[in-house]
Each structure stands twice: as structure tokens, then as C-alpha cells.
$ cat target32.txt   # compact mmCIF, C-alpha atoms
# COMPACT_ATOMS: atom_id res chain seq x y z
CA MET A 1 1.02 91.07 66.91
CA ASP A 2 2.16 94.20 65.11
CA ARG A 3 3.21 93.81 61.49
CA PRO A 4 5.53 96.17 59.63
CA ARG A 5 3.74 98.05 56.89
CA LEU A 6 6.49 99.83 55.01
CA LEU A 7 4.60 100.69 51.86
CA THR A 8 2.36 103.72 52.14
CA PRO A 9 1.04 106.11 49.52
CA ASP A 10 3.73 108.59 50.58
CA ARG A 11 6.76 106.35 50.94
CA GLN A 12 7.96 103.15 49.32
CA PRO A 13 9.70 100.34 51.26
CA GLY A 14 13.44 100.56 51.48
CA LEU A 15 13.56 104.25 50.54
CA THR A 16 15.17 106.30 53.28
CA ARG A 17 16.44 109.87 53.08
CA ARG A 18 19.92 108.45 52.49
CA SER A 19 18.79 106.12 49.69
CA MET A 20 16.80 108.93 48.07
CA PHE A 21 19.98 110.98 47.77
CA GLY A 22 21.76 107.90 46.46
CA LEU A 23 19.15 107.38 43.77
CA GLY A 24 19.24 110.96 42.62
CA ALA A 25 16.30 113.32 42.35
CA ALA A 26 15.08 112.18 38.94
CA ALA A 27 15.18 108.45 39.74
CA ALA A 28 13.61 108.98 43.16
CA SER A 29 10.79 111.00 41.64
CA ALA A 30 10.13 108.26 39.09
CA LEU A 31 9.90 105.60 41.79
CA LEU A 32 7.46 107.66 43.86
CA LEU A 33 5.32 109.01 41.06
CA PRO A 34 1.65 108.69 42.21
CA GLY A 35 -0.44 106.37 40.09
CA CYS A 36 2.61 104.90 38.39
CA SER A 37 1.69 101.32 39.25
CA ARG A 38 3.86 99.79 36.56
CA GLY A 39 7.09 101.37 37.77
CA ARG A 40 10.03 101.68 35.34
CA ALA A 41 8.83 102.36 31.81
CA ASP A 42 11.89 100.68 30.30
CA GLU A 43 11.15 97.28 31.86
CA PRO A 44 9.42 95.18 29.16
CA ALA A 45 6.13 93.52 30.01
CA PRO A 46 5.77 89.72 29.82
CA SER A 47 5.01 88.42 26.35
CA GLU A 48 2.86 85.41 27.31
CA ALA A 49 0.44 84.28 30.03
CA ALA A 50 1.60 82.47 33.17
CA THR A 51 0.23 80.23 35.93
CA PHE A 52 0.52 80.68 39.70
CA VAL A 53 -0.02 77.55 41.86
CA THR A 54 -1.39 78.67 45.23
CA GLY A 55 -2.99 76.33 47.79
CA ASN A 56 -6.24 74.98 49.25
CA LYS A 57 -9.35 77.05 48.57
CA GLY A 58 -10.08 79.20 51.60
CA GLY A 59 -6.45 79.14 52.72
CA VAL A 60 -4.16 82.18 52.72
CA TYR A 61 -1.99 80.80 49.89
CA PHE A 62 -5.08 80.74 47.68
CA GLU A 63 -6.50 84.12 48.74
CA PHE A 64 -3.16 85.92 48.69
CA GLY A 65 -2.14 84.28 45.40
CA ALA A 66 -5.43 85.18 43.73
CA ALA A 67 -5.16 88.81 44.85
CA LEU A 68 -1.55 89.12 43.70
CA SER A 69 -2.36 87.46 40.37
CA THR A 70 -5.15 89.95 39.73
CA LEU A 71 -2.87 92.91 40.38
CA VAL A 72 0.01 91.54 38.31
CA SER A 73 -2.37 90.85 35.43
CA GLU A 74 -3.71 94.39 35.70
CA VAL A 75 -0.25 95.95 35.81
CA THR A 76 1.33 93.94 32.99
CA GLY A 77 -1.66 93.51 30.71
CA MET A 78 -0.84 89.79 30.56
CA GLU A 79 -2.81 87.13 32.47
CA LEU A 80 -1.30 85.52 35.55
CA LYS A 81 -3.76 82.73 36.37
CA PRO A 82 -4.05 81.53 40.00
CA VAL A 83 -4.61 77.79 40.35
CA PRO A 84 -5.59 75.99 43.58
CA SER A 85 -3.31 73.18 44.72
CA ASN A 86 -2.56 70.91 47.66
CA GLY A 87 0.25 73.20 48.78
CA SER A 88 4.02 73.35 49.14
CA VAL A 89 5.18 69.94 47.93
CA GLN A 90 2.95 69.94 44.85
CA ASN A 91 3.83 73.58 44.14
CA LEU A 92 7.57 72.91 44.30
CA VAL A 93 7.29 70.00 41.87
CA ASP A 94 4.99 71.91 39.49
CA VAL A 95 7.24 74.98 39.46
CA ALA A 96 10.51 73.03 39.14
CA THR A 97 9.13 70.98 36.24
CA GLY A 98 7.67 74.01 34.46
CA LYS A 99 4.01 73.06 34.89
CA ALA A 100 3.57 76.43 36.59
CA GLU A 101 5.59 79.63 36.45
CA LEU A 102 5.09 80.75 40.07
CA GLY A 103 4.04 79.25 43.37
CA PHE A 104 4.06 79.47 47.16
CA CYS A 105 5.88 77.08 49.50
CA THR A 106 7.16 76.91 53.06
CA SER A 107 10.86 77.46 53.73
CA ASP A 108 11.41 73.98 55.17
CA SER A 109 9.87 72.34 52.08
CA ALA A 110 11.94 74.62 49.84
CA LEU A 111 15.12 73.61 51.67
CA ALA A 112 14.30 69.90 51.36
CA ALA A 113 13.52 70.28 47.64
CA TYR A 114 16.66 72.30 47.01
CA GLU A 115 18.83 69.71 48.78
CA GLY A 116 16.89 66.65 47.60
CA SER A 117 16.30 65.51 51.18
CA GLY A 118 13.34 64.47 53.30
CA HIS A 119 10.18 64.19 51.24
CA PHE A 120 12.24 64.91 48.10
CA SER A 121 14.90 62.24 48.68
CA SER A 122 13.27 60.06 46.02
CA THR A 123 12.98 62.83 43.41
CA GLY A 124 16.42 64.34 43.92
CA ARG A 125 17.26 68.02 43.99
CA LEU A 126 14.80 70.35 42.32
CA LYS A 127 15.86 73.49 40.48
CA PHE A 128 13.92 76.68 41.09
CA TYR A 129 14.40 80.32 42.09
CA ALA A 130 12.94 82.44 44.86
CA LEU A 131 11.37 85.83 44.24
CA ALA A 132 10.72 86.77 47.86
CA ARG A 133 10.17 85.64 51.39
CA VAL A 134 6.61 86.79 52.02
CA TYR A 135 4.82 86.08 55.34
CA ASP A 136 4.98 83.37 58.01
CA ASN A 137 2.72 80.35 58.42
CA TYR A 138 1.46 79.47 61.89
CA VAL A 139 0.63 75.93 62.95
CA HIS A 140 -2.97 75.59 64.12
CA VAL A 141 -3.92 72.52 66.15
CA VAL A 142 -7.70 72.88 66.17
CA VAL A 143 -10.13 71.04 68.48
CA PRO A 144 -13.85 71.65 69.04
CA MET A 145 -14.76 73.85 71.99
CA ALA A 146 -16.32 70.83 73.70
CA SER A 147 -13.16 68.71 73.38
CA LYS A 148 -11.48 67.60 76.61
CA ALA A 149 -8.05 67.98 75.02
CA LYS A 150 -5.94 70.74 76.55
CA SER A 151 -2.58 69.70 75.07
CA LEU A 152 -1.14 67.50 72.34
CA GLN A 153 -0.67 64.66 74.83
CA ASP A 154 -4.41 64.64 75.47
CA LEU A 155 -4.90 63.40 71.90
CA ASN A 156 -3.33 60.07 72.90
CA PRO A 157 -5.64 57.07 73.50
CA ASP A 158 -7.18 56.65 76.93
CA PRO A 159 -5.08 54.06 78.84
CA SER A 160 -8.25 52.09 79.52
CA THR A 161 -9.00 51.79 75.78
CA PRO A 162 -5.60 51.93 74.02
CA ALA A 163 -6.98 50.66 70.71
CA ARG A 164 -9.44 53.54 70.41
CA LYS A 165 -7.42 56.29 68.76
CA MET A 166 -8.48 59.81 67.99
CA THR A 167 -8.62 60.84 64.34
CA VAL A 168 -6.60 63.86 63.30
CA SER A 169 -6.37 65.47 59.87
CA VAL A 170 -2.77 66.33 58.96
CA GLY A 171 -3.63 68.21 55.77
CA PRO A 172 -3.76 67.03 52.17
CA LYS A 173 -1.12 64.85 50.58
CA LYS A 174 1.72 66.71 48.87
CA SER A 175 1.31 69.64 51.25
CA GLY A 176 3.64 71.47 53.57
CA THR A 177 0.99 71.07 56.25
CA GLN A 178 1.34 67.28 56.18
CA ILE A 179 5.13 67.49 56.56
CA ILE A 180 4.87 69.84 59.53
CA ALA A 181 1.91 68.02 61.12
CA ASP A 182 3.68 64.65 60.93
CA MET A 183 6.81 66.22 62.41
CA ILE A 184 4.85 67.72 65.31
CA LEU A 185 3.00 64.50 66.13
CA ASP A 186 6.19 62.42 65.84
CA THR A 187 8.20 64.83 67.98
CA ALA A 188 5.48 64.88 70.65
CA GLY A 189 5.05 61.09 70.49
CA VAL A 190 1.30 61.36 69.93
CA ASP A 191 -0.48 58.21 68.76
CA VAL A 192 -3.47 59.09 66.57
CA THR A 193 -5.09 57.95 63.35
CA ARG A 194 -3.88 60.37 60.69
CA VAL A 195 -6.05 61.26 57.71
CA ASN A 196 -5.36 63.52 54.74
CA LEU A 197 -8.04 66.15 54.29
CA THR A 198 -8.05 69.57 52.65
CA LEU A 199 -8.73 72.63 54.76
CA GLU A 200 -12.40 72.76 53.82
CA GLN A 201 -12.80 69.02 54.42
CA SER A 202 -11.07 69.29 57.80
CA VAL A 203 -13.39 72.07 58.94
CA ALA A 204 -16.48 70.15 57.80
CA ALA A 205 -15.31 66.89 59.42
CA LEU A 206 -14.61 68.65 62.73
CA GLN A 207 -18.09 70.17 62.68
CA ASN A 208 -19.63 66.77 61.91
CA LYS A 209 -17.94 65.16 64.90
CA ALA A 210 -18.79 68.04 67.23
CA ASP A 211 -22.42 68.09 66.11
CA GLY A 212 -22.71 64.31 66.23
CA THR A 213 -24.09 64.32 62.70
CA SER A 214 -21.56 61.88 61.26
CA LYS A 215 -19.39 59.01 62.42
CA SER A 216 -16.80 59.99 59.83
CA GLY A 217 -15.85 63.16 61.65
CA ILE A 218 -12.45 63.97 63.14
CA ASP A 219 -11.35 64.89 66.66
CA ALA A 220 -8.84 67.55 65.63
CA PHE A 221 -6.98 68.92 62.65
CA ILE A 222 -3.59 70.50 62.12
CA TRP A 223 -3.19 73.33 59.67
CA SER A 224 -0.20 75.44 58.69
CA GLY A 225 -1.25 78.78 57.28
CA GLY A 226 -1.39 82.53 57.66
CA VAL A 227 -3.61 84.25 60.19
CA PRO A 228 -6.45 84.54 60.10
CA THR A 229 -7.36 81.56 57.92
CA ALA A 230 -10.96 82.31 56.94
CA PRO A 231 -12.55 78.81 57.14
CA ILE A 232 -11.03 78.32 60.61
CA ALA A 233 -12.27 81.73 61.75
CA GLU A 234 -15.78 80.78 60.58
CA LEU A 235 -15.75 77.86 63.00
CA GLN A 236 -16.12 80.25 65.93
CA LYS A 237 -19.52 81.25 64.57
CA SER A 238 -20.79 77.67 64.53
CA THR A 239 -19.07 74.85 66.40
CA GLY A 240 -16.59 76.97 68.28
CA PHE A 241 -13.00 75.83 68.65
CA ARG A 242 -9.82 76.07 70.68
CA LEU A 243 -6.18 75.99 69.59
CA LEU A 244 -3.86 73.68 71.51
CA ASP A 245 -0.67 75.11 73.00
CA ILE A 246 2.27 73.41 71.25
CA GLY A 247 4.97 75.73 72.57
CA THR A 248 7.12 72.97 74.11
CA VAL A 249 7.18 70.93 70.91
CA ALA A 250 7.74 74.08 68.86
CA GLU A 251 10.83 74.92 70.92
CA LYS A 252 12.26 71.45 70.40
CA ILE A 253 11.69 71.57 66.64
CA ALA A 254 13.12 75.09 66.33
CA LEU A 255 16.27 74.01 68.18
CA GLU A 256 16.80 70.67 66.44
CA LYS A 257 15.50 71.16 62.90
CA PHE A 258 16.85 73.39 60.15
CA GLY A 259 14.36 75.04 57.86
CA GLY A 260 13.54 78.46 59.24
CA PHE A 261 11.33 77.29 62.11
CA VAL A 262 10.67 79.78 64.90
CA VAL A 263 8.62 79.72 68.10
CA SER A 264 5.78 82.23 67.93
CA SER A 265 2.18 82.63 69.02
CA ILE A 266 -1.24 83.24 67.49
CA PRO A 267 -2.76 86.44 68.95
CA PRO A 268 -6.19 86.09 70.58
CA SER A 269 -7.61 88.83 68.35
CA GLN A 270 -7.21 86.67 65.24
CA TYR A 271 -9.86 84.13 66.20
CA GLY A 272 -11.60 85.55 69.26
CA LEU A 273 -9.54 83.41 71.64
CA ALA A 274 -9.17 83.88 75.38
CA SER A 275 -5.40 84.34 75.16
CA SER A 276 -2.47 84.00 72.76
CA VAL A 277 -1.49 80.43 71.85
CA PRO A 278 2.20 79.40 71.58
CA THR A 279 2.92 77.60 68.33
CA LEU A 280 5.43 76.92 65.57
CA ALA A 281 5.90 79.38 62.71
CA VAL A 282 7.65 78.88 59.37
CA PRO A 283 8.36 81.43 56.60
CA ASN A 284 6.82 81.22 53.15
CA TYR A 285 8.60 81.78 49.85
CA LEU A 286 7.30 82.97 46.51
CA ILE A 287 9.12 80.73 44.04
CA ALA A 288 9.66 80.67 40.27
CA LYS A 289 10.49 78.08 37.65
CA PRO A 290 14.19 77.94 36.69
CA ASN A 291 13.73 79.56 33.28
CA LEU A 292 11.12 82.15 34.24
CA SER A 293 11.49 85.24 32.06
CA ASP A 294 13.04 88.33 33.59
CA SER A 295 9.87 90.22 32.74
CA TRP A 296 7.60 88.00 34.82
CA ALA A 297 10.05 87.91 37.73
CA TRP A 298 10.63 91.67 37.79
CA TRP A 299 6.99 92.67 37.42
CA THR A 300 5.79 90.18 40.02
CA VAL A 301 8.22 91.51 42.64
CA ASN A 302 7.52 95.09 41.62
CA THR A 303 3.78 94.57 42.01
CA LEU A 304 4.17 92.69 45.29
CA PHE A 305 5.71 95.74 46.95
CA ARG A 306 4.42 98.67 44.91
CA ARG A 307 0.82 97.49 45.27
CA GLN A 308 1.11 96.28 48.85
CA ASN A 309 -1.58 98.69 50.01
CA ASP A 310 -3.96 97.11 47.51
CA LEU A 311 -3.12 93.61 48.76
CA ILE A 312 -3.69 94.32 52.46
CA PRO A 313 -7.52 94.63 52.15
CA LYS A 314 -7.55 91.23 50.42
CA HIS A 315 -5.71 89.61 53.34
CA PRO A 316 -3.99 91.09 56.43
CA GLU A 317 -0.88 88.94 55.85
CA ALA A 318 0.07 91.35 53.07
CA GLY A 319 0.92 93.77 55.86
CA ALA A 320 3.85 91.50 56.77
CA LEU A 321 5.61 92.14 53.45
CA ASP A 322 8.99 93.78 53.97
CA PRO A 323 11.55 93.98 51.15
CA ARG A 324 14.39 93.94 53.68
CA SER A 325 13.43 90.46 54.86
CA ALA A 326 12.11 89.36 51.44
CA ILE A 327 15.64 88.75 50.21
CA ALA A 328 16.30 86.21 53.00
CA THR A 329 15.61 83.06 50.96
CA MET A 330 18.94 81.26 51.34
CA PRO A 331 20.01 78.70 50.33
CA VAL A 332 17.45 79.10 47.53
CA PRO A 333 18.90 81.74 45.18
CA LEU A 334 16.94 84.79 44.12
CA HIS A 335 15.94 85.00 40.47
CA PRO A 336 18.41 87.37 38.75
CA ALA A 337 15.62 89.81 37.80
CA ALA A 338 14.24 89.77 41.33
CA GLU A 339 17.71 90.45 42.70
CA ARG A 340 18.02 93.30 40.22
CA TRP A 341 14.74 94.80 41.49
CA TYR A 342 16.00 94.76 45.09
CA ARG A 343 19.27 96.35 44.05
CA GLN A 344 17.46 99.02 42.03
CA ASN A 345 15.49 99.88 45.14
CA HIS A 346 18.58 99.87 47.36
CA ILE A 347 17.50 96.82 49.40
$ encode --input "target32.txt" --output "C-alpha cells"
Amino acid sequence: MDRPRLLTPDRQPGLTRRSMFGLGAAAASALLLPGCSRGRADEPAPSEAATFVTGNKGGVYFEFGAALSTLVSEVTGMELKPVPSNGSVQNLVDVATGKAELGFCTSDSALAAYEGSGHFSSTGRLKFYALARVYDNYVHVVVPMASKAKSLQDLNPDPSTPARKMTVSVGPKKSGTQIIADMILDTAGVDVTRVNLTLEQSVAALQNKADGTSKSGIDAFIWSGGVPTAPIAELQKSTGFRLLDIGTVAEKIALEKFGGFVVSSIPPSQYGLASSVPTLAVPNYLIAKPNLSDSWAWWTVNTLFRRQNDLIPKHPEAGALDPRSAIATMPVPLHPAAERWYRQNHI
């Protein structure tokens, strides 16, 4: 799965020969000045520290958020503190209520929060901005290598023992993973016992069941995250695992549900699999509290793209960053300062 990598030491994303002429020689030289990590000198730095809610430890939200926070702190001279969380739902609430300045969330959760529907029907519409569409999450339905399950339907109870259900982790409460996992199981009509575990807990519980070391283990877990997700990749070195093909269910959801869902696949190279695995993918947004200062918004977006080459070694998903698709966050509006950054760079 090739990813666009538009930012290189020699050329910045969105800058073509035509846009260089449009910017003018002086402005173009300023944008491309080597070592100028802060960008425009006339853009004021943030005046106070900020918090970035990320995701489960070990997950891409957490790793990507921590790496971006470090770079933004370095560039601005003001601390952006990454904080682990349960994921999208919690992040949306924390950002909208001002408990955090920035956060990650999936596009379907963002849509529900913006409209006050679905999981957010009880809280009403939340107010927040988007800074960028970043990378896509991929749904992982993970089973031990020794599992007899070949498809989602194989997770259903054996007809001879209908009361004996398999146990499946659907991610932590207040997470985008739980919303997507419940939707997948409901759409497929799969009858299992659902439990709420973090990523690290899910991996440990799957190992326990596979090794026979604990009766509290699980038969499978569903995770929505970037690829590769490190704790899942580590499973191949111990228990070994397979990913179930959910292509048919993914197609149904992509056709019937609104929220940015697309049918995709996880390449075999990501986890040492025998072949690619059809699955459901959903975009991720970088979001901001409604009254986030222009300084924090501008410098965060500026760092996201100007320092992309520094983010890629921290996690390969940074290679998916593309300013041309980053502005596709509708119906969630872009923060005015973020929109200004894109316009300044002719996006």
C-alpha cells in the first residue's frame, strides 16, 4: 500500500512550479529555507501551554500524538503535553468542553458529535474545529493463529451449544473503536459476549486464552487504528494471529452509513500475513477546542506538514499526510488559523 509522501527536504507539500510563481520569489524562498522549522517569523508563538488528548498507550493515536507534541513543543518553545485517553468519544468531549486543546478522533465520531446524533444524542451537538484530516484507521478483527474462525460468522455460537458464546473485546468505553466494533458485529448479526478492554488489555487477554493460562481470556478482539499498531504486531512474535476478512460487511457499511467509511485492505507486509485482508477504513481528524488560539492552531498545522519527515520515523502513518486531503474535514469546519495556513501555502 503506497502512501503519498509529499514533504521532502527539497520540496514542500502543495508547492508546484505554478504555485511558486504565484507566491513570488521572496515568499517562496522563505517557505523553503533549510532549517527554518518555525516557518513565518511574523506568526506569534503560543503564550501558554496546551494539552493534546491522544489514545490508548501503544496505539497509533498515542504514538503519533506524542511525536507531534514533541515537535510542536520544540518549534514553539511552549509545551504541548500529550495525554493518553480512551479514544475518539472521550477526546471529542474533552476538546469540546475545553479540558484539552487538541485531540484525535475518527470522522464518523466527529460527524455524530457535530450533529448531536448516535452516541452523542444525549449530549447534544458539540462545538469544535478541525485542523486536518490526517491518516486512516483500519479495522482489525484479531484471532489467535490456532483459532478455527475464518470469518465473522465463525464467531457465532456452535449450534450444538448455543448458550456458549465467544468473548470479543470491542475496545474501551468512550472510544471510536467501540462504536465501529458494535456496528460491525450488529451489521454482521454476530452473537458474542462483548467486553470493553484497552488495546494492551486486549492483546494480553488474547494471549492468555491462546496459551491456556487464564480462563478470563478472550477469543478475539476488534481494534480500529493505524497500521502497523505496535502491540498487535508484537503478537506475531509470541502467540501468532490472523486477521478476519470483513470485506462483505465493510461494503455494506460503506454503502449504507455516512461518516467517511471506505472499503480497504491491510497489506500483508504490515503484520507478516499470508495475504492482504479486506477491511473497513475510516479517516482520522486532528481537532481543536472552539476557542483555541490562532497561534496554537497555526503552529500545529505548520509543524504537522513542515516536520513531516521527522514524524515518519516515529510512525509510518505520518507518510500518509497530504495537505490536499487534510482540508477535507466537512462538515466539521476548519479552524480559521488552520484555513489561513492552507491558503498561505496555496492548498
$ closest_residue --input "target32.txt" --among "A:Leu334, A:Val195, A:Leu111, A:Val263" --to "Lys289 of chain A" --atoms "only C-alpha atoms"
A:Leu334
$ atom_distance --input "target32.txt" --atom1 "atom CA of Arg324 of chain A" --atom2 "atom CA of Ile347 of chain A"
6.0 Å
$ closest_atom_pairs --input "target32.txt" --of "segment 246-345 of chain A" --to "segment 117-128 of chain A" --cutoff "7 Å" --atoms "all atoms listed in the file" --output "JSON lines"
{"residue": "A:Ile287", "atom": "CA", "partner": "A:Phe128", "partner_atom": "CA", "distance": 6.9}
{"residue": "A:Ala288", "atom": "CA", "partner": "A:Phe128", "partner_atom": "CA", "distance": 5.9}
{"residue": "A:Lys289", "atom": "CA", "partner": "A:Phe128", "partner_atom": "CA", "distance": 5.1}
{"residue": "A:Pro290", "atom": "CA", "partner": "A:Phe128", "partner_atom": "CA", "distance": 4.6}
$ atom_distance --input "target32.txt" --atom1 "atom CA of Ala274 of chain A" --atom2 "atom CA of Gln236 of chain A"
12.3 Å
$ axis_aligned_box --input "target32.txt" --around "segment 135-148 of chain A" --padding-each-side "5 Å" --output "AutoDock Vina command-line options"
--center_x -5.7 --center_y 76.8 --center_z 66.0 --size_x 31.3 --size_y 28.5 --size_z 31.3
$ residues_around --input "target32.txt" --residues "Val203 of chain A" --least-positions-apart "6" --cutoff "10 Å" --atoms "all atoms listed in the file" --output "PyMOL selection string"
chain A and resi 142+169+197+217-218+220-221+231-232+234-235+239
$ write_last_selection --input "target32.txt" --atoms "C-alpha atoms" --output "mmCIF file, in the coordinates of the input"
data_model
loop_
_atom_site.group_PDB
_atom_site.id
_atom_site.type_symbol
_atom_site.label_atom_id
_atom_site.label_comp_id
_atom_site.auth_asym_id
_atom_site.auth_seq_id
_atom_site.Cartn_x
_atom_site.Cartn_y
_atom_site.Cartn_z
ATOM 1 C CA VAL A 142 -7.700 72.880 66.170
ATOM 2 C CA SER A 169 -6.370 65.470 59.870
ATOM 3 C CA LEU A 197 -8.040 66.150 54.290
ATOM 4 C CA GLY A 217 -15.850 63.160 61.650
ATOM 5 C CA ILE A 218 -12.450 63.970 63.140
ATOM 6 C CA ALA A 220 -8.840 67.550 65.630
ATOM 7 C CA PHE A 221 -6.980 68.920 62.650
ATOM 8 C CA PRO A 231 -12.550 78.810 57.140
ATOM 9 C CA ILE A 232 -11.030 78.320 60.610
ATOM 10 C CA GLU A 234 -15.780 80.780 60.580
ATOM 11 C CA LEU A 235 -15.750 77.860 63.000
ATOM 12 C CA THR A 239 -19.070 74.850 66.400
#
$ closest_residue --input "target32.txt" --among "A:Leu244, A:Leu199, A:Val143, A:Ala50" --to "Asn86 of chain A" --atoms "all atoms listed in the file"
A:Leu199
$ closest_residue --input "target32.txt" --among "A:Lys57, A:Gly225, A:Leu292, A:Ala281" --to "Ala100 of chain A" --atoms "all atoms listed in the file"
A:Leu292
$ closest_residue --input "target32.txt" --among "A:Glu48, A:Asp294, A:Glu63, A:Asp154" --to "Ala230 of chain A" --atoms "all atoms listed in the file"
A:Glu63
$ residues_around --input "target32.txt" --residues "segment 339-344 of chain A" --least-positions-apart "3" --cutoff "10 Å" --atoms "all atoms listed in the file" --output "list in words"
Gly14, Leu23, Ala27, Ala130, Leu131, Ala132, Asp294, Ala297, Trp298, Trp299, Val301, Asn302, Pro323, Arg324, Ala326, Ile327, Pro333, Leu334, His335, Pro336 and Ile347 of chain A
$ residues_around --input "target32.txt" --residues "Val190 of chain A" --least-positions-apart "6" --cutoff "7 Å" --atoms "only C-alpha atoms" --output "MDAnalysis selection string"
chainID A and resid 153 155:156
$ closest_residue --input "target32.txt" --among "A:Pro228, A:Gly116, A:Leu321, A:Val170" --to "Ser269 of chain A" --atoms "only C-alpha atoms"
A:Pro228
$ atom_distance --input "target32.txt" --atom1 "atom CA of Gly103 of chain A" --atom2 "atom CA of Phe52 of chain A"
5.3 Å
$ closest_residue --input "target32.txt" --among "A:Glu256, A:Asp322, A:Glu251, A:Asp245" --to "Ser275 of chain A" --atoms "only C-alpha atoms"
A:Asp245
$ residues_around --input "target32.txt" --residues "Ala233 of chain A" --least-positions-apart "5" --cutoff "9 Å" --atoms "only C-alpha atoms" --output "list of chain:residue names"
A:Pro228, A:Gln270, A:Tyr271, A:Gly272
$ build_atoms --input "target32.txt" --residues "segment 332-340 of chain A" --atoms "all heavy atoms" --output "PDB file, in the coordinates of the input"
ATOM      1  N   VAL A 332      18.072  78.982  48.856  1.00  0.00           N
ATOM      2  CA  VAL A 332      17.450  79.100  47.530  1.00  0.00           C
ATOM      3  C   VAL A 332      17.838  80.455  46.938  1.00  0.00           C
ATOM      4  O   VAL A 332      17.586  81.503  47.544  1.00  0.00           O
ATOM      5  CB  VAL A 332      15.918  78.993  47.638  1.00  0.00           C
ATOM      6  CG1 VAL A 332      15.286  79.079  46.247  1.00  0.00           C
ATOM      7  CG2 VAL A 332      15.521  77.693  48.327  1.00  0.00           C
ATOM      8  N   PRO A 333      18.446  80.471  45.755  1.00  0.00           N
ATOM      9  CA  PRO A 333      18.900  81.740  45.180  1.00  0.00           C
ATOM     10  C   PRO A 333      17.734  82.577  44.651  1.00  0.00           C
ATOM     11  O   PRO A 333      16.712  82.055  44.220  1.00  0.00           O
ATOM     12  CB  PRO A 333      19.809  81.296  44.030  1.00  0.00           C
ATOM     13  CG  PRO A 333      19.260  79.962  43.618  1.00  0.00           C
ATOM     14  CD  PRO A 333      18.789  79.313  44.902  1.00  0.00           C
ATOM     15  N   LEU A 334      17.915  83.876  44.714  1.00  0.00           N
ATOM     16  CA  LEU A 334      16.940  84.790  44.120  1.00  0.00           C
ATOM     17  C   LEU A 334      17.052  84.744  42.600  1.00  0.00           C
ATOM     18  O   LEU A 334      18.148  84.588  42.047  1.00  0.00           O
ATOM     19  CB  LEU A 334      17.186  86.218  44.596  1.00  0.00           C
ATOM     20  CG  LEU A 334      16.792  86.559  46.033  1.00  0.00           C
ATOM     21  CD1 LEU A 334      17.341  87.938  46.414  1.00  0.00           C
ATOM     22  CD2 LEU A 334      15.272  86.535  46.207  1.00  0.00           C
ATOM     23  N   HIS A 335      15.930  84.873  41.927  1.00  0.00           N
ATOM     24  CA  HIS A 335      15.940  85.000  40.470  1.00  0.00           C
ATOM     25  C   HIS A 335      16.742  86.259  40.124  1.00  0.00           C
ATOM     26  O   HIS A 335      16.626  87.286  40.812  1.00  0.00           O
ATOM     27  CB  HIS A 335      14.496  85.132  39.971  1.00  0.00           C
ATOM     28  CG  HIS A 335      14.355  85.077  38.483  1.00  0.00           C
ATOM     29  ND1 HIS A 335      14.755  86.111  37.654  1.00  0.00           N
ATOM     30  CD2 HIS A 335      13.851  84.111  37.668  1.00  0.00           C
ATOM     31  CE1 HIS A 335      14.506  85.793  36.396  1.00  0.00           C
ATOM     32  NE2 HIS A 335      13.950  84.587  36.375  1.00  0.00           N
ATOM     33  N   PRO A 336      17.580  86.209  39.096  1.00  0.00           N
ATOM     34  CA  PRO A 336      18.410  87.370  38.750  1.00  0.00           C
ATOM     35  C   PRO A 336      17.616  88.663  38.587  1.00  0.00           C
ATOM     36  O   PRO A 336      18.076  89.732  39.013  1.00  0.00           O
ATOM     37  CB  PRO A 336      19.054  86.947  37.429  1.00  0.00           C
ATOM     38  CG  PRO A 336      19.120  85.458  37.512  1.00  0.00           C
ATOM     39  CD  PRO A 336      17.870  85.044  38.230  1.00  0.00           C
ATOM     40  N   ALA A 337      16.426  88.593  37.989  1.00  0.00           N
ATOM     41  CA  ALA A 337      15.620  89.810  37.800  1.00  0.00           C
ATOM     42  C   ALA A 337      15.047  90.294  39.119  1.00  0.00           C
ATOM     43  O   ALA A 337      14.882  91.508  39.321  1.00  0.00           O
ATOM     44  CB  ALA A 337      14.511  89.553  36.791  1.00  0.00           C
ATOM     45  N   ALA A 338      14.722  89.363  40.015  1.00  0.00           N
ATOM     46  CA  ALA A 338      14.240  89.770  41.330  1.00  0.00           C
ATOM     47  C   ALA A 338      15.369  90.442  42.108  1.00  0.00           C
ATOM     48  O   ALA A 338      15.173  91.480  42.746  1.00  0.00           O
ATOM     49  CB  ALA A 338      13.737  88.544  42.101  1.00  0.00           C
ATOM     50  N   GLU A 339      16.558  89.856  42.026  1.00  0.00           N
ATOM     51  CA  GLU A 339      17.710  90.450  42.700  1.00  0.00           C
ATOM     52  C   GLU A 339      17.989  91.845  42.140  1.00  0.00           C
ATOM     53  O   GLU A 339      18.324  92.782  42.887  1.00  0.00           O
ATOM     54  CB  GLU A 339      18.937  89.553  42.512  1.00  0.00           C
ATOM     55  CG  GLU A 339      20.169  90.037  43.242  1.00  0.00           C
ATOM     56  CD  GLU A 339      21.325  89.073  43.143  1.00  0.00           C
ATOM     57  OE1 GLU A 339      21.158  87.978  42.550  1.00  0.00           O
ATOM     58  OE2 GLU A 339      22.414  89.412  43.652  1.00  0.00           O
ATOM     59  N   ARG A 340      17.817  91.988  40.841  1.00  0.00           N
ATOM     60  CA  ARG A 340      18.020  93.300  40.220  1.00  0.00           C
ATOM     61  C   ARG A 340      17.023  94.316  40.763  1.00  0.00           C
ATOM     62  O   ARG A 340      17.368  95.471  41.027  1.00  0.00           O
ATOM     63  CB  ARG A 340      17.894  93.158  38.692  1.00  0.00           C
ATOM     64  CG  ARG A 340      17.946  94.480  37.934  1.00  0.00           C
ATOM     65  CD  ARG A 340      18.271  94.257  36.462  1.00  0.00           C
ATOM     66  NE  ARG A 340      17.341  93.346  35.814  1.00  0.00           N
ATOM     67  CZ  ARG A 340      16.178  93.707  35.295  1.00  0.00           C
ATOM     68  NH1 ARG A 340      15.796  94.976  35.378  1.00  0.00           N
ATOM     69  NH2 ARG A 340      15.395  92.825  34.697  1.00  0.00           N
TER      70      ARG A 340
END
